[in-house]
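Participant: Handing over upload22.tsv, TSV, C-alpha atoms.
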```tsv
chain	number	residue	atom	x	y	z
A	1	MET	CA	0.00	0.00	0.00
A	2	LYS	CA	1.54	3.27	-1.04
A	3	ILE	CA	-0.32	6.47	-0.32
A	4	GLN	CA	0.76	9.50	-2.35
A	5	GLY	CA	2.48	12.14	-0.24
A	6	SER	CA	2.35	9.89	2.76
A	7	SER	CA	5.59	11.37	4.03
A	8	GLN	CA	3.66	14.56	4.72
A	9	LEU	CA	1.30	12.87	7.13
A	10	PRO	CA	1.82	13.89	10.75
A	11	GLY	CA	4.12	11.64	12.73
A	12	LEU	CA	2.62	8.94	14.86
A	13	TYR	CA	4.29	9.96	18.05
A	14	SER	CA	6.27	13.15	18.07
A	15	PRO	CA	4.46	16.50	17.99
A	16	SER	CA	7.69	18.12	16.82
A	17	SER	CA	7.58	16.14	13.60
A	18	ILE	CA	4.07	17.48	12.94
A	19	ARG	CA	5.39	21.01	13.16
A	20	LYS	CA	8.32	20.11	10.93
A	21	SER	CA	6.17	18.65	8.20
A	22	VAL	CA	4.00	21.75	8.07
A	23	VAL	CA	6.99	23.89	7.11
A	24	VAL	CA	7.03	23.83	3.30
A	25	LYS	CA	10.04	25.72	2.02
A	26	ASP	CA	9.40	26.22	-1.68
A	27	GLY	CA	5.64	26.26	-1.40
A	28	SER	CA	5.20	22.91	-3.15
A	29	PHE	CA	3.74	19.88	-1.41
A	30	GLU	CA	6.57	17.68	-2.68
A	31	SER	CA	9.29	19.39	-0.63
A	32	LYS	CA	12.14	17.13	0.39
A	33	LEU	CA	11.68	16.92	4.14
A	34	ASN	CA	13.68	14.24	5.81
A	35	THR	CA	10.86	12.35	7.52
A	36	PRO	CA	10.38	8.56	7.42
A	37	SER	CA	7.59	7.09	5.36
A	38	LEU	CA	4.29	6.00	6.89
A	39	SER	CA	5.07	2.33	6.42
A	40	ASP	CA	8.40	2.80	8.21
A	41	ARG	CA	6.62	4.53	11.05
A	42	ILE	CA	4.04	1.77	11.31
A	43	THR	CA	6.74	-0.90	11.24
A	44	SER	CA	8.71	0.76	13.99
A	45	ALA	CA	5.55	1.35	16.03
A	46	VAL	CA	4.63	-2.34	15.76
A	47	ARG	CA	8.20	-3.23	16.74
A	48	ASP	CA	7.90	-0.96	19.80
A	49	LEU	CA	4.58	-2.60	20.67
A	50	ASP	CA	6.17	-6.03	20.48
A	51	ALA	CA	9.15	-4.87	22.55
A	52	SER	CA	6.87	-3.52	25.28
A	53	GLN	CA	5.03	-6.86	25.47
A	54	MET	CA	8.33	-8.73	25.61
A	55	ARG	CA	9.66	-6.46	28.33
A	56	ALA	CA	6.53	-6.96	30.43
A	57	SER	CA	6.71	-10.75	30.03
A	58	ASP	CA	10.40	-10.76	30.87
A	59	LYS	CA	9.78	-8.70	34.01
A	60	VAL	CA	6.95	-10.99	35.13
A	61	GLU	CA	9.11	-14.06	34.52
A	62	LYS	CA	11.97	-12.65	36.58
A	63	LEU	CA	9.57	-11.67	39.36
A	64	ALA	CA	7.94	-15.09	39.49
A	65	SER	CA	11.24	-17.00	39.35
A	66	GLY	CA	12.72	-14.82	42.08
A	67	LYS	CA	15.65	-13.69	39.92
A	68	ASP	CA	14.75	-10.03	40.19
A	69	ILE	CA	11.92	-9.16	42.53
A	70	ASP	CA	11.12	-5.70	41.25
A	71	ILE	CA	7.42	-5.33	42.00
A	72	HIS	CA	6.88	-1.73	40.95
A	73	GLY	CA	9.06	-2.11	37.85
A	74	THR	CA	7.03	-5.13	36.77
A	75	MET	CA	3.73	-3.39	37.38
A	76	ILE	CA	4.87	-0.36	35.39
A	77	ALA	CA	6.06	-2.57	32.51
A	78	LEU	CA	2.70	-4.39	32.49
A	79	GLN	CA	0.81	-1.11	32.47
A	80	GLU	CA	3.06	0.20	29.68
A	81	ALA	CA	2.36	-2.90	27.62
A	82	ASP	CA	-1.37	-2.43	28.20
A	83	ILE	CA	-1.37	1.24	27.20
A	84	THR	CA	0.86	0.63	24.17
A	85	LEU	CA	-1.46	-2.11	22.92
A	86	ARG	CA	-4.55	0.07	23.34
A	87	PHE	CA	-2.82	2.99	21.70
A	88	ALA	CA	-1.69	0.87	18.75
A	89	THR	CA	-5.22	-0.48	18.27
A	90	SER	CA	-6.64	3.05	18.27
A	91	VAL	CA	-4.08	4.25	15.75
A	92	ARG	CA	-4.75	1.24	13.53
A	93	ASP	CA	-8.50	1.92	13.64
A	94	LYS	CA	-7.98	5.57	12.77
A	95	LEU	CA	-5.64	4.72	9.89
A	96	LEU	CA	-8.14	2.24	8.49
A	97	GLN	CA	-10.91	4.82	8.79
A	98	GLY	CA	-8.80	7.34	6.90
A	99	TYR	CA	-7.94	4.83	4.21
A	100	GLN	CA	-11.59	3.85	3.77
A	101	ARG	CA	-12.61	7.50	3.53
A	102	ILE	CA	-10.03	8.09	0.81
A	103	MET	CA	-11.23	5.03	-1.10
A	104	GLN	CA	-14.79	6.34	-1.00
A	105	LEU	CA	-13.82	9.72	-2.51
A	106	GLN	CA	-15.76	10.46	-5.71
A	107	ILE	CA	-13.38	11.59	-8.43
B	108	MET	CA	-5.60	-24.37	20.82
B	109	LYS	CA	-4.13	-24.38	24.31
B	110	HIS	CA	-0.58	-23.60	23.24
B	111	LEU	CA	-1.70	-21.39	20.39
B	112	ILE	CA	-2.86	-18.60	22.68
B	113	PHE	CA	-1.09	-19.13	25.99
B	114	ASP	CA	2.68	-19.36	26.12
B	115	ARG	CA	5.09	-21.28	28.33
B	116	LEU	CA	5.31	-18.39	30.79
B	117	HIS	CA	1.57	-18.48	31.37
B	118	TYR	CA	1.72	-22.06	32.62
B	119	GLY	CA	4.98	-21.32	34.44
B	120	LEU	CA	3.24	-18.59	36.39
B	121	SER	CA	0.41	-20.87	37.43
B	122	ASN	CA	3.02	-23.39	38.63
B	123	VAL	CA	4.60	-20.64	40.70
B	124	LEU	CA	1.22	-19.87	42.29
B	125	GLU	CA	0.91	-23.55	43.15
B	126	LEU	CA	4.33	-23.48	44.84
B	127	ARG	CA	3.43	-20.34	46.75
B	128	GLN	CA	0.29	-22.06	47.99
B	129	LYS	CA	2.38	-25.03	49.15
B	130	GLN	CA	4.76	-22.70	50.98
B	131	HIS	CA	1.74	-21.11	52.64
B	132	SER	CA	0.63	-24.47	54.04
B	133	LEU	CA	4.20	-25.17	55.16
B	134	THR	CA	4.34	-21.87	57.01
B	135	ILE	CA	0.98	-22.60	58.62
B	136	ALA	CA	2.32	-26.00	59.72
B	137	ASN	CA	5.42	-24.30	61.13
B	138	ILE	CA	3.29	-21.84	63.11
B	139	ALA	CA	1.05	-24.64	64.37
B	140	ASN	CA	4.13	-26.47	65.64
B	141	ALA	CA	5.78	-23.44	67.23
B	142	ASP	CA	5.72	-25.22	70.60
B	143	THR	CA	6.27	-28.81	69.50
B	144	PRO	CA	9.56	-30.11	70.94
B	145	HIS	CA	12.15	-31.11	68.31
B	146	TYR	CA	10.02	-29.76	65.46
B	147	LYS	CA	12.15	-28.09	62.80
B	148	ALA	CA	10.90	-25.28	60.61
B	149	LYS	CA	10.44	-26.31	56.97
B	150	TYR	CA	10.61	-24.24	53.84
B	151	LEU	CA	10.41	-24.87	50.14
B	152	ARG	CA	13.71	-24.46	48.31
B	153	PHE	CA	12.46	-21.54	46.30
B	154	ASP	CA	15.89	-20.67	44.89
B	155	THR	CA	15.79	-23.72	42.60
B	156	LEU	CA	12.08	-24.61	42.60
B	157	LEU	CA	10.84	-21.32	41.18
B	158	GLU	CA	13.22	-21.35	38.23
B	159	ASP	CA	12.23	-24.94	37.46
B	160	ALA	CA	8.55	-24.06	37.70
B	161	VAL	CA	8.88	-21.10	35.35
B	162	GLY	CA	11.50	-22.53	33.01
B	163	ASN	CA	10.28	-26.08	32.59
B	164	ALA	CA	6.55	-25.57	32.86
B	165	GLY	CA	4.76	-28.78	31.99
B	166	GLU	CA	7.24	-31.62	32.50
B	167	MET	CA	8.72	-30.68	35.87
B	168	ARG	CA	5.37	-30.12	37.40
B	169	ARG	CA	4.22	-33.67	37.82
B	170	THR	CA	7.39	-34.92	39.47
B	171	HIS	CA	7.49	-31.97	41.79
B	172	THR	CA	3.95	-32.01	43.07
B	173	LYS	CA	4.75	-35.47	44.37
B	174	HIS	CA	7.77	-34.20	46.26
B	175	VAL	CA	6.16	-31.10	47.64
B	176	SER	CA	3.19	-32.90	49.12
B	177	GLY	CA	5.38	-34.41	51.85
B	178	LEU	CA	5.59	-32.07	54.81
B	179	HIS	CA	8.21	-34.16	56.59
B	180	GLY	CA	11.17	-33.92	54.25
B	181	THR	CA	14.72	-34.60	55.36
B	182	THR	CA	17.67	-32.23	55.08
B	183	GLN	CA	18.72	-33.88	51.82
B	184	ASP	CA	15.30	-33.31	50.28
B	185	PRO	CA	15.63	-31.32	47.04
B	186	VAL	CA	12.30	-29.62	47.62
B	187	VAL	CA	11.98	-28.93	51.33
B	188	SER	CA	14.76	-27.40	53.39
B	189	VAL	CA	14.82	-27.90	57.14
B	190	LEU	CA	16.09	-25.27	59.54
B	191	ASP	CA	18.21	-26.55	62.42
B	192	PRO	CA	17.60	-25.00	65.83
B	193	ALA	CA	20.08	-22.58	67.38
B	194	PRO	CA	22.53	-24.25	69.82
B	195	TRP	CA	21.07	-22.61	72.93
B	196	VAL	CA	17.49	-23.72	72.21
B	197	LEU	CA	16.63	-26.37	74.78
B	198	ASP	CA	13.57	-28.05	73.22
B	199	GLY	CA	15.12	-28.49	69.77
B	200	ASN	CA	12.42	-26.42	68.10
B	201	SER	CA	13.65	-24.14	65.33
B	202	VAL	CA	10.40	-22.26	64.62
B	203	SER	CA	10.58	-18.52	65.15
B	204	LEU	CA	7.08	-17.06	65.19
B	205	GLU	CA	8.37	-13.71	63.97
B	206	ARG	CA	10.11	-15.27	60.99
B	207	GLU	CA	7.03	-17.32	60.11
B	208	MET	CA	4.66	-14.36	60.34
B	209	VAL	CA	6.91	-12.35	58.06
B	210	ARG	CA	7.17	-15.33	55.68
B	211	LEU	CA	3.39	-15.49	55.61
B	212	LYS	CA	3.29	-11.85	54.53
B	213	GLU	CA	6.13	-12.26	52.07
B	214	ASN	CA	4.44	-15.24	50.47
B	215	ALA	CA	1.09	-13.47	50.26
B	216	LEU	CA	2.83	-10.53	48.63
B	217	MET	CA	4.50	-12.70	46.01
B	218	PHE	CA	1.25	-14.59	45.41
B	219	ARG	CA	-0.48	-11.28	44.77
B	220	SER	CA	2.31	-10.05	42.51
B	221	VAL	CA	2.31	-13.18	40.36
B	222	THR	CA	-1.50	-13.10	40.24
B	223	LYS	CA	-1.32	-9.52	38.99
B	224	GLY	CA	1.16	-10.64	36.34
B	225	ILE	CA	-1.08	-13.47	35.16
B	226	SER	CA	-4.27	-11.44	35.16
B	227	LYS	CA	-2.70	-8.49	33.38
B	228	ARG	CA	-1.18	-10.72	30.71
B	229	MET	CA	-4.52	-12.44	30.26
B	230	SER	CA	-6.35	-9.15	29.97
B	231	LEU	CA	-3.90	-8.12	27.23
B	232	LEU	CA	-4.64	-11.38	25.41
B	233	ARG	CA	-8.38	-10.89	25.89
B	234	TYR	CA	-8.08	-7.41	24.44
B	235	ALA	CA	-6.14	-8.65	21.42
B	236	ALA	CA	-8.39	-11.69	20.94
B	237	SER	CA	-11.53	-9.57	20.86
B	238	ASP	CA	-9.98	-7.07	18.44
B	239	GLY	CA	-9.70	-4.21	20.88
B	240	LYS	CA	-13.20	-4.53	22.27
B	241	GLY	CA	-12.48	-6.63	25.34
C	242	MET	CA	18.44	-6.90	47.51
C	243	ASN	CA	14.73	-6.79	47.04
C	244	ILE	CA	11.66	-6.05	49.11
C	245	LEU	CA	11.57	-9.59	50.48
C	246	ASP	CA	15.07	-9.16	51.91
C	247	THR	CA	13.85	-5.97	53.57
C	248	LEU	CA	11.07	-7.95	55.23
C	249	ARG	CA	13.55	-10.61	56.34
C	250	ILE	CA	15.82	-8.00	57.91
C	251	SER	CA	12.88	-6.83	60.03
C	252	ALA	CA	12.06	-10.43	60.91
C	253	SER	CA	15.64	-11.04	62.07
C	254	GLY	CA	15.39	-7.89	64.21
C	255	MET	CA	12.18	-9.10	65.84
C	256	ASN	CA	13.70	-12.53	66.36
C	257	ALA	CA	16.80	-11.03	68.04
C	258	GLN	CA	14.73	-8.82	70.31
C	259	ARG	CA	12.57	-11.78	71.32
C	260	VAL	CA	15.66	-13.76	72.32
C	261	ARG	CA	16.87	-10.72	74.29
C	262	MET	CA	13.49	-10.55	76.03
C	263	GLN	CA	13.82	-14.23	76.91
C	264	THR	CA	17.17	-13.63	78.55
C	265	ILE	CA	15.78	-10.63	80.42
C	266	SER	CA	12.85	-12.62	81.82
C	267	SER	CA	15.26	-15.39	82.74
C	268	ASN	CA	17.46	-12.85	84.53
C	269	ILE	CA	14.53	-11.29	86.39
C	270	ALA	CA	13.08	-14.66	87.36
C	271	ASN	CA	16.44	-15.84	88.67
C	272	ALA	CA	17.46	-12.61	90.37
C	273	ARG	CA	17.76	-14.49	93.68
C	274	SER	CA	18.64	-18.02	92.54
C	275	THR	CA	21.64	-18.95	94.66
C	276	SER	CA	22.21	-22.29	92.97
C	277	SER	CA	21.89	-23.60	89.44
C	278	HIS	CA	22.76	-26.61	87.31
C	279	GLU	CA	26.07	-24.87	86.60
C	280	GLY	CA	27.14	-25.47	90.21
C	281	GLU	CA	27.13	-21.84	91.35
C	282	ALA	CA	24.66	-18.97	91.65
C	283	TYR	CA	22.76	-17.92	88.52
C	284	ARG	CA	24.84	-15.73	86.21
C	285	ARG	CA	23.24	-12.92	84.22
C	286	LYS	CA	22.61	-14.03	80.61
C	287	MET	CA	22.95	-11.76	77.62
C	288	PRO	CA	22.51	-12.49	73.90
C	289	ILE	CA	25.37	-11.69	71.52
C	290	PHE	CA	24.12	-10.05	68.34
C	291	LYS	CA	26.01	-10.08	65.10
C	292	SER	CA	25.10	-8.24	61.94
C	293	ILE	CA	25.34	-10.29	58.74
C	294	ALA	CA	25.28	-8.68	55.29
C	295	SER	CA	22.08	-9.73	53.51
C	296	ASP	CA	23.78	-9.84	50.13
C	297	PRO	CA	27.56	-9.98	50.47
C	298	PHE	CA	28.04	-10.19	46.68
C	299	GLY	CA	25.78	-7.28	45.79
C	300	ASN	CA	26.65	-3.67	45.12
C	301	ALA	CA	27.85	-1.20	47.75
C	302	VAL	CA	24.31	-0.51	48.99
C	303	ASP	CA	23.39	-4.20	49.21
C	304	LYS	CA	26.55	-5.04	51.10
C	305	SER	CA	25.87	-2.43	53.75
C	306	LEU	CA	22.36	-3.73	54.47
C	307	ALA	CA	22.54	-6.33	57.17
C	308	ARG	CA	20.25	-8.53	59.17
C	309	VAL	CA	20.94	-9.38	62.79
C	310	GLU	CA	21.56	-12.88	64.12
C	311	VAL	CA	21.91	-14.12	67.69
C	312	VAL	CA	25.21	-16.00	67.61
C	313	ASP	CA	25.32	-17.02	71.24
C	314	ILE	CA	24.03	-16.38	74.75
C	315	GLU	CA	26.84	-15.33	77.06
C	316	LYS	CA	27.06	-15.47	80.85
C	317	SER	CA	28.12	-12.33	82.64
C	318	GLU	CA	31.47	-12.73	84.42
C	319	ALA	CA	30.74	-9.87	86.83
C	320	PRO	CA	31.30	-10.83	90.52
C	321	PHE	CA	28.41	-12.18	92.57
C	322	ARG	CA	26.82	-10.17	95.35
C	323	GLN	CA	28.15	-11.59	98.66
C	324	VAL	CA	25.74	-11.65	101.59
C	325	PHE	CA	26.70	-12.98	105.04
C	326	ASP	CA	24.12	-15.61	106.00
C	327	PRO	CA	25.67	-18.78	107.54
C	328	SER	CA	22.24	-20.42	107.95
C	329	HIS	CA	21.66	-20.42	104.18
C	330	PRO	CA	22.10	-23.91	102.60
C	331	ASP	CA	24.21	-22.38	99.76
C	332	ALA	CA	26.51	-20.50	102.10
C	333	ASP	CA	30.26	-21.14	101.63
C	334	ASP	CA	32.73	-22.11	104.37
C	335	ASP	CA	33.02	-18.47	105.54
C	336	GLY	CA	29.23	-18.15	105.80
C	337	TYR	CA	28.84	-15.98	102.68
C	338	VAL	CA	26.08	-16.62	100.13
C	339	SER	CA	26.67	-15.68	96.46
C	340	TYR	CA	23.64	-13.97	95.00
C	341	PRO	CA	23.31	-13.63	91.18
C	342	ASN	CA	25.06	-10.73	89.44
C	343	VAL	CA	21.68	-9.49	88.19
C	344	ASP	CA	20.72	-5.85	88.73
C	345	LEU	CA	16.94	-5.52	88.38
C	346	LEU	CA	17.26	-1.85	87.53
C	347	TYR	CA	19.32	-2.64	84.41
C	348	GLU	CA	16.97	-5.44	83.47
C	349	MET	CA	13.93	-3.15	83.59
C	350	VAL	CA	15.63	-0.57	81.37
C	351	ASP	CA	16.72	-3.32	78.97
C	352	MET	CA	13.16	-4.59	78.89
C	353	MET	CA	11.85	-1.18	77.87
C	354	THR	CA	14.35	-0.76	75.02
C	355	THR	CA	13.71	-4.35	73.90
C	356	SER	CA	9.98	-3.84	73.67
C	357	ARG	CA	10.42	-0.53	71.84
C	358	THR	CA	12.85	-2.07	69.36
C	359	TYR	CA	10.51	-5.00	68.78
C	360	GLU	CA	7.67	-2.57	68.14
C	361	ALA	CA	9.82	-0.59	65.72
C	362	ASN	CA	10.58	-3.77	63.79
C	363	THR	CA	6.90	-4.72	63.54
C	364	ASN	CA	6.19	-1.22	62.26
C	365	ALA	CA	8.95	-1.64	59.69
C	366	VAL	CA	7.36	-4.90	58.48
C	367	GLU	CA	3.96	-3.24	58.26
C	368	THR	CA	5.33	-0.27	56.31
C	369	THR	CA	7.35	-2.42	53.91
C	370	TYR	CA	4.30	-4.56	53.26
C	371	LYS	CA	2.14	-1.50	52.62
C	372	MET	CA	4.74	-0.10	50.23
C	373	ALA	CA	4.84	-3.34	48.25
C	374	ASN	CA	1.06	-3.42	48.05
C	375	LEU	CA	1.03	0.19	46.84
C	376	ALA	CA	3.48	-0.84	44.11
C	377	LEU	CA	1.02	-3.57	43.12
C	378	GLU	CA	-1.70	-0.94	42.78
C	379	ILE	CA	0.15	0.52	39.77
C	380	ALA	CA	-1.35	-2.29	37.68
C	381	LYS	CA	-5.01	-2.24	38.61
```
As structure tokens, how would this structure be written, given the file I've shared?

Facilitator:
Amino acid sequence: MKIQGSSQLPGLYSPSSIRKSVVVKDGSFESKLNTPSLSDRITSAVRDLDASQMRASDKVEKLASGKDIDIHGTMIALQEADITLRFATSVRDKLLQGYQRIMQLQI
Amino acid sequence: MKHLIFDRLHYGLSNVLELRQKQHSLTIANIANADTPHYKAKYLRFDTLLEDAVGNAGEMRRTHTKHVSGLHGTTQDPVVSVLDPAPWVLDGNSVSLEREMVRLKENALMFRSVTKGISKRMSLLRYAASDGKG
Amino acid sequence: MNILDTLRISASGMNAQRVRMQTISSNIANARSTSSHEGEAYRRKMPIFKSIASDPFGNAVDKSLARVEVVDIEKSEAPFRQVFDPSHPDADDDGYVSYPNVDLLYEMVDMMTTSRTYEANTNAVETTYKMANLALEIAK
């Protein structure tokens, strides 16, 4: 899936990248701003999501096996994994909505 | 289907809860025998048992439940460790009520922590399984 | 070093104070025992405490955190109180009776500090437990 001008879409995470992408130097939409493509962003976001789940599991395993009894650290990691998953689902839903809206455009 | 959704750690954690429950009964037995002459305080060897329970979930379980069920293990027992009384204790009893009460708390705390871990991991799975609507 | 070690340190403190209380009650009870199974008057008993690093292989902080163990119960070598009483069955050839080297005044003061220290340790257990449970509340 390749969306035209996708590199101009606001960044998934950083508000600063939104501001950056708004600055268009020569007035044309196709300015060469050094921002990663949407698919790259999605890939890295999914990787982060996976990493947060792994970290939470690892923490729980160490807590249960008595290797590293870090109760608050484990609880925070679990909560992070929870929030990251919910956030990723919301972003995915929004992206799909946007894509469907574009597909329904009458040209 | 069982191993499709739940991983090794999930079953490892439930094994750990089982061990914690066993330690709870051991502590209760220790407290009950606080005044029994020549009774020695008994504890599960958590330093090795927990890693086995988490790491080898499934196979190790069956052999271990057999071991753990015995409350009267010897010093050589790989599952239960026995505390020898201090030299000045006259009745040969090695139970210290303070230590047992704190162990009770400690065990309850770890039980709660592992339960939190299991339930949170399951709620993540439930969320993913129901496509973000769970 | 984890929160369970913290609980165990408090438990060792309570244990040590209980042993100390046992020696104090033994001392008070035997304040006038002129004979014992040791062949002389009762000698004042006192526990010897030793601090043991909870995690000798840990980092600098872990190494400095120690639990307390009772390594032995010592007998006081202080001289006995000599009272002249030739009619006493435990009197020596000169008619002097050796009374235990226990001073009730010291024992009462020791008892007060023991009970306060014990209480402090139970409070420490309670607080540690509450802290751990608060940490659990992070993941509701």

Participant: List the spatial neighbours of Leu156 (chain B) as a list in words - criterion: any atom at most 9 Å away, all atoms listed in the file, same-chain residues fewer than 6 positions off excluded.

Facilitator: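 Listed by chain and then number, they are Ser65 of chain A; Val123, Leu126, His171, Pro185 and Val186 of chain B.
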
Participant: Once you have the residues from the selection above, write them out as a PDB file, in the frame of the given file, restricted to C-alpha atoms.

Facilitator:
```
ATOM      1  CA  SER A  65      11.240 -17.000  39.350  1.00  0.00           C
TER       2      SER A  65
ATOM      3  CA  VAL B 123       4.600 -20.640  40.700  1.00  0.00           C
ATOM      4  CA  LEU B 126       4.330 -23.480  44.840  1.00  0.00           C
ATOM      5  CA  HIS B 171       7.490 -31.970  41.790  1.00  0.00           C
ATOM      6  CA  PRO B 185      15.630 -31.320  47.040  1.00  0.00           C
ATOM      7  CA  VAL B 186      12.300 -29.620  47.620  1.00  0.00           C
TER       8      VAL B 186
END
```

Participant: List as a list in words the protein and nucleic acid residues near region 372-379 of chain C, meaning an atom at most 8 Å away when all atoms listed in the file are counted, but skip any in the same chain fewer than 5 places from it.

Facilitator: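 So the residues in contact are Ile71, His72, Met75, Ile76 and Gln79 of chain A; Leu216, Ser220 and Lys223 of chain B; Ile244 of chain C.
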
Participant: Please return, as a list in words, all residues of chain B lying within 10 Å of chain C when all atoms listed in the file are considered.

Facilitator: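 Selected residues: Ala193, Pro194, Trp195, Ser203, Leu204, Glu205, Arg206, Glu207, Met208, Val209, Arg210, Lys212, Glu213, Asn214, Ala215, Leu216, Met217, Arg219, Ser220, Lys223, Gly224, Ser226 and Lys227 of chain B.
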
Participant: Between CA of Thr35 (chain A) and CA of Arg47 (chain A), what is the spacing in Å?

Facilitator: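 Going from CA of Arg47 (chain A) over to CA of Thr35 (chain A) covers 18.3 Å.
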
Participant: Taking all atoms listed in the file into account, which residues of chain A are within 12 Å of chain B, as a VMD selection string?

Facilitator: chain A and resid 52 to 93

Participant: Within 10 Å of Arg261 (chain C), counting only C-alpha atoms, which residues show up once you throw out same-chain ones fewer than 6 positions away? Write them as a list in words, please.

Facilitator: Met255, Ser267, Lys286, Met287, Pro288, Ile289, Phe290, Val311, Ile314, Asp351, Met352, Thr355 and Ser356 of chain C

Participant: Interatomic distance between CA of Val350 (chain C) and CA of Ala282 (chain C)?

Facilitator: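 A separation of 22.9 Å between them.
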
Participant: What's the separation between CA of Lys149 (chain B) and CA of Leu211 (chain B), in Å to one decimal place?

Facilitator: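 Pair CA of Lys149 (chain B) / CA of Leu211 (chain B) returns 13.0 Å.
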
Participant: Put a box with edges along x, y and z around all the listed atoms of region 352-358 of chain C, pad it by 8 Å on each side, then give me its centre and sizes in Å, one decimal, as AutoDock Vina command-line options.

Facilitator:
```
--center_x 12.2 --center_y -2.6 --center_z 74.1 --size_x 20.4 --size_y 20.1 --size_z 25.5
```
